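S.K.: Quick one: structure below, then a few questions.
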Amino acid sequence: MRQFLLDFYHDRTFSSTLLKIAVPIILQNLISSSLNMIDTIMIGRIGTVELAAVGVATQFFFFNIVALVGVCSGYCIFIAQYWGRQDIPAIRRYLGIIILYALGIGVLFTLAGLLFAEQIILLFNDDPEVVRLGAVYIRTLTAGTIFSGLTYAFGYASRSIENAFLPMIASTFALVTNTLLNYILIFGKFGAPALGVEGAALATLISRILEASIIILYVYLKQTPLAIKPSEFDLRPAFLQQDIRTVLPVILNELCWGLATIVYTAAYGRINTDALASIQIANTVQNLFLIFGIGVSGATATMVGNTIGRGLTKRATVYAYRSILLCFVIGILLTVLILLFAPVFLWFYDLESAQVANDALLMIRILALSMPLKLINMTVIMGILRAGGDVVFSLLFESCTMWFIGVPLAFIGALVLQWPVYLVYALVIAEEAVKFVLCLWRSFSGRWMKVLV
């Protein structure tokens, strides 16, 4: 530990670059997680059914984000390596592909949300009131998927060229806007009607429009390297398809992970509505603390990718190993922190059910014990393996562990054993242990590094 801290301190290039990229990403995701937590807290004060409805409806938008992250992460592998070579035209060509795919995904999800809102909710829960309220939330917010696409396209590309402050600033304005509008529209303040669940969706929609607008205006007013012109969109089929063998596994990886996460929610929903409410609280707390893993993995992907692009493969390996050790240290600290303050998180919710509160508390404690594994797995998969172009292996082992271990255990616990939700949650987390062993094995094998540019 002492030697690690000394190496981290003396290698100013590593430490300064890591902090420069990771801190804004952490702050941005803290802001985003806080936005989601504020939504959950305010909706929770209306009632348990409303909380369950919003929790289920957000699974639809979660899958939209998963698809966007897959596209952005896949093509930003190339942007990061080209940034190492300062090839701006190549960066803009790949950004153009991301924008086109992001807009296409946004249109697809908008149509699905408008046409099939009730059917989407029924996949998770058949309580008529949950279905009604969840459908209202989806239809109100669904147009926001197009703006989310633009935010993710420019935001991920900005991180890949070592400018993580831009998406952070945009998210800050979005959080402030969403919080104020939530208060006004959910509860009917300052003369506005009390819209409840619909008000929460409307507030989130407006904040997403604002977030995308801030990022795009900054990019073009400052004429950053991401200020792509219409003439720089390369629509040739040969160019669009040439890197698909690298990008497609990343997209499939994210989709497999996201779909499995949604299936977990469906398993919890088969227990009862209270289980959905408690898992929504636990997931909100989880997202709040996983921001550290997102920050380190994002910084690792940029640093390792840039270094590989410059041909410094040995340095890239050292950066990868230091990131793993850093995640272990952060994970232990977070475990202690969450265990100490687990009951505090429930104070923010005006819960009607003692069962929901008890189950949520137990799941938060189980989550705390898994934090070192979760952070290391995130950094290896999203940071090291992707930056090194080792995307096929990442797809295979992550999808296999989730679909052949996690998902079956979730349904066995919920439907066969009929365990309470917190024990089913513990079963699902067992999948992280298997993934952890595979992540370490692949990282230290050295076979993950590939020069793609």
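Each chain of the structure tokens is named A, B, ... in the order shown, its residues numbered from 1; ligands are numbered from 1 in display order.
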For the interface of stretch 209-297 of chain A with stretch 38-46 of chain A (cut-off 10 Å, counting only C-alpha atoms), please tabulate each contacting residue of stretch 209-297 of chain A alongside its nearest pair of atoms and their separation in Å to one decimal, rows sorted by chain and increasing number, as a Markdown table.
M.R.:
```
| residue | atom | partner | partner_atom | distance |
| --- | --- | --- | --- | --- |
| A:Ala277 | CA | A:Gly44 | CA | 8.7 |
| A:Gln280 | CA | A:Thr40 | CA | 8.0 |
| A:Ile281 | CA | A:Thr40 | CA | 7.6 |
| A:Thr284 | CA | A:Thr40 | CA | 7.9 |
```
S.K.: Excluding stretch 245-256 of chain A and any residue of its chain fewer than 4 positions from it, enumerate the residues within 12 Å of it, using only C-alpha atoms, and give them as a VMD selection string.
M.R.: chain A and resid 62 to 78 94 97 to 98 101 240 to 241 260 to 263 378 381 to 383 385 to 404 407 450 to 453
S.K.: Using DSSP on the backbone coordinates, identify all residues within stretch 164-321 of chain A classified as helix (DSSP H, G or I); present the result as a count of residues only.
M.R.: 127
S.K.: Could you work out how far atom CA of A:Ser443 lies from atom CA of A:Ala320, giving the answer in Å with one decimal?
M.R.: 8.0 Å
S.K.: List the neighbours of A:Gln119 out to 12 Å using only C-alpha atoms; skip same-chain residues closer than 5 positions along the sequence, and give me the result as a VMD selection string.
M.R.: chain A and resid 56 to 57 60 112 to 114 124 to 126 128 130 to 132 134 to 135 138
S.K.: Suppose we keep N, CA, C and O atoms; can you now write the selection as an mmCIF file, in the first residue's frame?
M.R.:
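Below you can see out_28.cif, which holds the result:
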```cif
data_model
loop_
_atom_site.group_PDB
_atom_site.id
_atom_site.type_symbol
_atom_site.label_atom_id
_atom_site.label_comp_id
_atom_site.auth_asym_id
_atom_site.auth_seq_id
_atom_site.Cartn_x
_atom_site.Cartn_y
_atom_site.Cartn_z
ATOM 1 N N VAL A 56 -40.045 1.184 -12.285
ATOM 2 C CA VAL A 56 -40.212 0.289 -13.433
ATOM 3 C C VAL A 56 -40.053 1.057 -14.744
ATOM 4 O O VAL A 56 -39.387 0.601 -15.677
ATOM 5 N N ALA A 57 -40.663 2.240 -14.828
ATOM 6 C CA ALA A 57 -40.602 3.031 -16.061
ATOM 7 C C ALA A 57 -39.173 3.423 -16.410
ATOM 8 O O ALA A 57 -38.801 3.458 -17.593
ATOM 9 N N PHE A 60 -36.996 1.302 -18.835
ATOM 10 C CA PHE A 60 -37.071 1.553 -20.282
ATOM 11 C C PHE A 60 -36.003 2.561 -20.702
ATOM 12 O O PHE A 60 -35.279 2.348 -21.686
ATOM 13 N N ALA A 112 -41.146 3.622 -29.645
ATOM 14 C CA ALA A 112 -41.516 2.493 -28.777
ATOM 15 C C ALA A 112 -42.232 2.981 -27.526
ATOM 16 O O ALA A 112 -43.234 2.390 -27.088
ATOM 17 N N GLY A 113 -41.745 4.074 -26.928
ATOM 18 C CA GLY A 113 -42.367 4.605 -25.717
ATOM 19 C C GLY A 113 -43.764 5.136 -25.958
ATOM 20 O O GLY A 113 -44.666 4.959 -25.134
ATOM 21 N N LEU A 114 -43.959 5.791 -27.102
ATOM 22 C CA LEU A 114 -45.279 6.346 -27.404
ATOM 23 C C LEU A 114 -46.299 5.256 -27.726
ATOM 24 O O LEU A 114 -47.469 5.369 -27.370
ATOM 25 N N PHE A 124 -42.839 -5.977 -16.206
ATOM 26 C CA PHE A 124 -42.251 -5.959 -14.876
ATOM 27 C C PHE A 124 -43.279 -6.145 -13.752
ATOM 28 O O PHE A 124 -42.972 -6.727 -12.718
ATOM 29 N N ASN A 125 -44.473 -5.606 -13.953
ATOM 30 C CA ASN A 125 -45.453 -5.626 -12.870
ATOM 31 C C ASN A 125 -46.853 -5.494 -13.470
ATOM 32 O O ASN A 125 -47.053 -4.747 -14.434
ATOM 33 N N ASP A 126 -47.829 -6.219 -12.897
ATOM 34 C CA ASP A 126 -49.184 -6.176 -13.441
ATOM 35 C C ASP A 126 -50.176 -5.433 -12.550
ATOM 36 O O ASP A 126 -51.394 -5.502 -12.772
ATOM 37 N N PRO A 128 -52.464 -2.685 -11.757
ATOM 38 C CA PRO A 128 -53.074 -1.720 -12.690
ATOM 39 C C PRO A 128 -52.634 -0.275 -12.467
ATOM 40 O O PRO A 128 -52.427 0.464 -13.435
ATOM 41 N N VAL A 130 -49.783 0.745 -11.060
ATOM 42 C CA VAL A 130 -48.377 0.843 -11.465
ATOM 43 C C VAL A 130 -48.281 0.952 -12.986
ATOM 44 O O VAL A 130 -47.508 1.757 -13.517
ATOM 45 N N VAL A 131 -49.075 0.158 -13.692
ATOM 46 C CA VAL A 131 -49.074 0.194 -15.159
ATOM 47 C C VAL A 131 -49.531 1.562 -15.660
ATOM 48 O O VAL A 131 -48.919 2.157 -16.557
ATOM 49 N N ARG A 132 -50.585 2.098 -15.075
ATOM 50 C CA ARG A 132 -51.112 3.395 -15.518
ATOM 51 C C ARG A 132 -50.107 4.522 -15.305
ATOM 52 O O ARG A 132 -49.810 5.297 -16.221
ATOM 53 N N GLY A 134 -46.853 4.277 -14.669
ATOM 54 C CA GLY A 134 -45.610 4.040 -15.405
ATOM 55 C C GLY A 134 -45.735 4.436 -16.863
ATOM 56 O O GLY A 134 -44.812 5.005 -17.456
ATOM 57 N N ALA A 135 -46.895 4.160 -17.466
ATOM 58 C CA ALA A 135 -47.125 4.536 -18.863
ATOM 59 C C ALA A 135 -47.148 6.057 -19.031
ATOM 60 O O ALA A 135 -46.636 6.595 -20.018
ATOM 61 N N ILE A 138 -43.509 7.237 -18.983
ATOM 62 C CA ILE A 138 -42.787 6.918 -20.218
ATOM 63 C C ILE A 138 -43.204 7.849 -21.354
ATOM 64 O O ILE A 138 -42.357 8.419 -22.061
#
```
S.K.: Can you work out the spacing between atom CA of A:Leu27 and atom CA of A:Phe165 in Å, to one decimal?
M.R.: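 Separation of atom CA of A:Leu27 and atom CA of A:Phe165: 9.2 Å.
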S.K.: Under the rule that only C-alpha atoms are counted, which of A:Val416, A:Ala117, A:Leu339, A:Ile376 is the nearest residue to A:Ile324?
M.R.: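 Counting only C-alpha atoms, the residue closest to A:Ile324 is A:Ile376.
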S.K.: Which residues are near A:Pro420? Cut-off 12 Å, only C-alpha atoms, ignore same chain within fewer than 3 positions. Put them as a ChimeraX atom specification.
M.R.: /A:267-272,274-276,278-279,355-356,358-360,362-363,410,412-417,423-427
S.K.: Taking N, CA and C atoms for each residue, export the selection above as a PDB file, in the first residue's frame.
M.R.:
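Saved to part_21.pdb:
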```pdb
ATOM      1  N   ALA A 267     -37.571  -9.995 -12.211  1.00  0.00           N
ATOM      2  CA  ALA A 267     -37.594 -11.050 -11.189  1.00  0.00           C
ATOM      3  C   ALA A 267     -38.041 -10.482  -9.848  1.00  0.00           C
ATOM      4  N   TYR A 268     -37.497  -9.313  -9.478  1.00  0.00           N
ATOM      5  CA  TYR A 268     -37.916  -8.683  -8.220  1.00  0.00           C
ATOM      6  C   TYR A 268     -39.398  -8.320  -8.261  1.00  0.00           C
ATOM      7  N   GLY A 269     -39.863  -7.877  -9.454  1.00  0.00           N
ATOM      8  CA  GLY A 269     -41.256  -7.482  -9.586  1.00  0.00           C
ATOM      9  C   GLY A 269     -42.219  -8.638  -9.413  1.00  0.00           C
ATOM     10  N   ARG A 270     -41.719  -9.862  -9.669  1.00  0.00           N
ATOM     11  CA  ARG A 270     -42.573 -11.042  -9.483  1.00  0.00           C
ATOM     12  C   ARG A 270     -42.759 -11.370  -8.002  1.00  0.00           C
ATOM     13  N   ILE A 271     -41.964 -10.756  -7.134  1.00  0.00           N
ATOM     14  CA  ILE A 271     -42.134 -10.989  -5.693  1.00  0.00           C
ATOM     15  C   ILE A 271     -43.363 -10.207  -5.208  1.00  0.00           C
ATOM     16  N   ASN A 272     -43.310  -8.864  -5.312  1.00  0.00           N
ATOM     17  CA  ASN A 272     -44.460  -8.003  -5.017  1.00  0.00           C
ATOM     18  C   ASN A 272     -44.079  -6.550  -5.290  1.00  0.00           C
ATOM     19  N   ASP A 274     -43.939  -4.079  -3.130  1.00  0.00           N
ATOM     20  CA  ASP A 274     -43.008  -3.591  -2.108  1.00  0.00           C
ATOM     21  C   ASP A 274     -41.569  -3.923  -2.466  1.00  0.00           C
ATOM     22  N   ALA A 275     -41.346  -5.089  -3.056  1.00  0.00           N
ATOM     23  CA  ALA A 275     -39.996  -5.480  -3.461  1.00  0.00           C
ATOM     24  C   ALA A 275     -39.455  -4.522  -4.521  1.00  0.00           C
ATOM     25  N   LEU A 276     -40.324  -4.108  -5.463  1.00  0.00           N
ATOM     26  CA  LEU A 276     -39.899  -3.141  -6.482  1.00  0.00           C
ATOM     27  C   LEU A 276     -39.516  -1.812  -5.850  1.00  0.00           C
ATOM     28  N   SER A 278     -38.403  -1.264  -2.755  1.00  0.00           N
ATOM     29  CA  SER A 278     -37.166  -1.388  -1.986  1.00  0.00           C
ATOM     30  C   SER A 278     -35.955  -1.518  -2.903  1.00  0.00           C
ATOM     31  N   ILE A 279     -36.105  -2.234  -4.021  1.00  0.00           N
ATOM     32  CA  ILE A 279     -34.967  -2.368  -4.945  1.00  0.00           C
ATOM     33  C   ILE A 279     -34.670  -1.034  -5.619  1.00  0.00           C
ATOM     34  N   GLN A 355     -41.753  -2.896   5.937  1.00  0.00           N
ATOM     35  CA  GLN A 355     -41.120  -3.981   5.199  1.00  0.00           C
ATOM     36  C   GLN A 355     -40.209  -3.436   4.105  1.00  0.00           C
ATOM     37  N   VAL A 356     -40.677  -2.421   3.396  1.00  0.00           N
ATOM     38  CA  VAL A 356     -39.855  -1.791   2.350  1.00  0.00           C
ATOM     39  C   VAL A 356     -38.580  -1.213   2.956  1.00  0.00           C
ATOM     40  N   ASN A 358     -37.045  -2.069   5.786  1.00  0.00           N
ATOM     41  CA  ASN A 358     -36.169  -3.133   6.279  1.00  0.00           C
ATOM     42  C   ASN A 358     -35.446  -3.829   5.126  1.00  0.00           C
ATOM     43  N   ASP A 359     -36.182  -4.162   4.056  1.00  0.00           N
ATOM     44  CA  ASP A 359     -35.566  -4.835   2.912  1.00  0.00           C
ATOM     45  C   ASP A 359     -34.523  -3.946   2.242  1.00  0.00           C
ATOM     46  N   ALA A 360     -34.859  -2.656   2.093  1.00  0.00           N
ATOM     47  CA  ALA A 360     -33.919  -1.726   1.465  1.00  0.00           C
ATOM     48  C   ALA A 360     -32.637  -1.601   2.288  1.00  0.00           C
ATOM     49  N   LEU A 362     -31.297  -3.843   4.323  1.00  0.00           N
ATOM     50  CA  LEU A 362     -30.503  -5.064   4.182  1.00  0.00           C
ATOM     51  C   LEU A 362     -29.791  -5.113   2.832  1.00  0.00           C
ATOM     52  N   MET A 363     -30.457  -4.680   1.788  1.00  0.00           N
ATOM     53  CA  MET A 363     -29.827  -4.687   0.461  1.00  0.00           C
ATOM     54  C   MET A 363     -28.691  -3.673   0.373  1.00  0.00           C
ATOM     55  N   ALA A 410     -31.466 -15.271  -9.937  1.00  0.00           N
ATOM     56  CA  ALA A 410     -32.524 -14.312  -9.583  1.00  0.00           C
ATOM     57  C   ALA A 410     -33.900 -14.968  -9.640  1.00  0.00           C
ATOM     58  N   ILE A 412     -34.569 -18.258  -9.692  1.00  0.00           N
ATOM     59  CA  ILE A 412     -34.645 -19.374  -8.743  1.00  0.00           C
ATOM     60  C   ILE A 412     -34.998 -18.853  -7.355  1.00  0.00           C
ATOM     61  N   GLY A 413     -34.317 -17.770  -6.948  1.00  0.00           N
ATOM     62  CA  GLY A 413     -34.587 -17.193  -5.634  1.00  0.00           C
ATOM     63  C   GLY A 413     -35.987 -16.623  -5.513  1.00  0.00           C
ATOM     64  N   ALA A 414     -36.450 -15.929  -6.595  1.00  0.00           N
ATOM     65  CA  ALA A 414     -37.749 -15.247  -6.528  1.00  0.00           C
ATOM     66  C   ALA A 414     -38.925 -16.198  -6.718  1.00  0.00           C
ATOM     67  N   LEU A 415     -38.840 -17.126  -7.685  1.00  0.00           N
ATOM     68  CA  LEU A 415     -39.991 -17.946  -8.047  1.00  0.00           C
ATOM     69  C   LEU A 415     -39.962 -19.345  -7.463  1.00  0.00           C
ATOM     70  N   VAL A 416     -38.782 -19.953  -7.397  1.00  0.00           N
ATOM     71  CA  VAL A 416     -38.686 -21.332  -6.913  1.00  0.00           C
ATOM     72  C   VAL A 416     -38.560 -21.364  -5.393  1.00  0.00           C
ATOM     73  N   LEU A 417     -37.535 -20.673  -4.882  1.00  0.00           N
ATOM     74  CA  LEU A 417     -37.320 -20.657  -3.437  1.00  0.00           C
ATOM     75  C   LEU A 417     -38.254 -19.689  -2.719  1.00  0.00           C
ATOM     76  N   LEU A 423     -32.555 -11.460  -0.054  1.00  0.00           N
ATOM     77  CA  LEU A 423     -31.789 -12.686  -0.292  1.00  0.00           C
ATOM     78  C   LEU A 423     -31.618 -12.950  -1.790  1.00  0.00           C
ATOM     79  N   VAL A 424     -32.633 -12.622  -2.572  1.00  0.00           N
ATOM     80  CA  VAL A 424     -32.501 -12.734  -4.027  1.00  0.00           C
ATOM     81  C   VAL A 424     -31.431 -11.769  -4.522  1.00  0.00           C
ATOM     82  N   TYR A 425     -31.413 -10.577  -3.955  1.00  0.00           N
ATOM     83  CA  TYR A 425     -30.398  -9.569  -4.305  1.00  0.00           C
ATOM     84  C   TYR A 425     -28.991 -10.086  -3.996  1.00  0.00           C
ATOM     85  N   ALA A 426     -28.835 -10.769  -2.868  1.00  0.00           N
ATOM     86  CA  ALA A 426     -27.540 -11.341  -2.501  1.00  0.00           C
ATOM     87  C   ALA A 426     -27.126 -12.428  -3.478  1.00  0.00           C
ATOM     88  N   LEU A 427     -28.076 -13.235  -3.933  1.00  0.00           N
ATOM     89  CA  LEU A 427     -27.779 -14.269  -4.926  1.00  0.00           C
ATOM     90  C   LEU A 427     -27.245 -13.659  -6.221  1.00  0.00           C
TER      91      LEU A 427
END
```
S.K.: Using only C-alpha atoms, which residue out of A:Gly55, A:Pro237, A:Gly331, A:Pro230 lies closest to A:Gly96?
M.R.: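 Of A:Gly55, A:Pro237, A:Gly331, A:Pro230, the one nearest A:Gly96 is A:Pro230, counting only C-alpha atoms.
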S.K.: Find, counting only C-alpha atoms, the residue in A:Leu438, A:Val176, A:Ala266, A:Ala170 that gets nearest to A:Val219.
M.R.: A:Ala170
S.K.: So, with only C-alpha atoms as the atoms that count, which of A:Asn182, A:Thr317, A:Asn377, A:Gln28 lies closest to A:Glu211?
M.R.: A:Gln28
S.K.: For a quick check of understanding, using only C-alpha atoms, which of A:Thr265, A:Asn29, A:Ser445, A:Thr145 has the smallest distance to A:Phe289?
M.R.: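 Going through A:Thr265, A:Asn29, A:Ser445, A:Thr145 one by one, the smallest distance to A:Phe289 is for A:Asn29.
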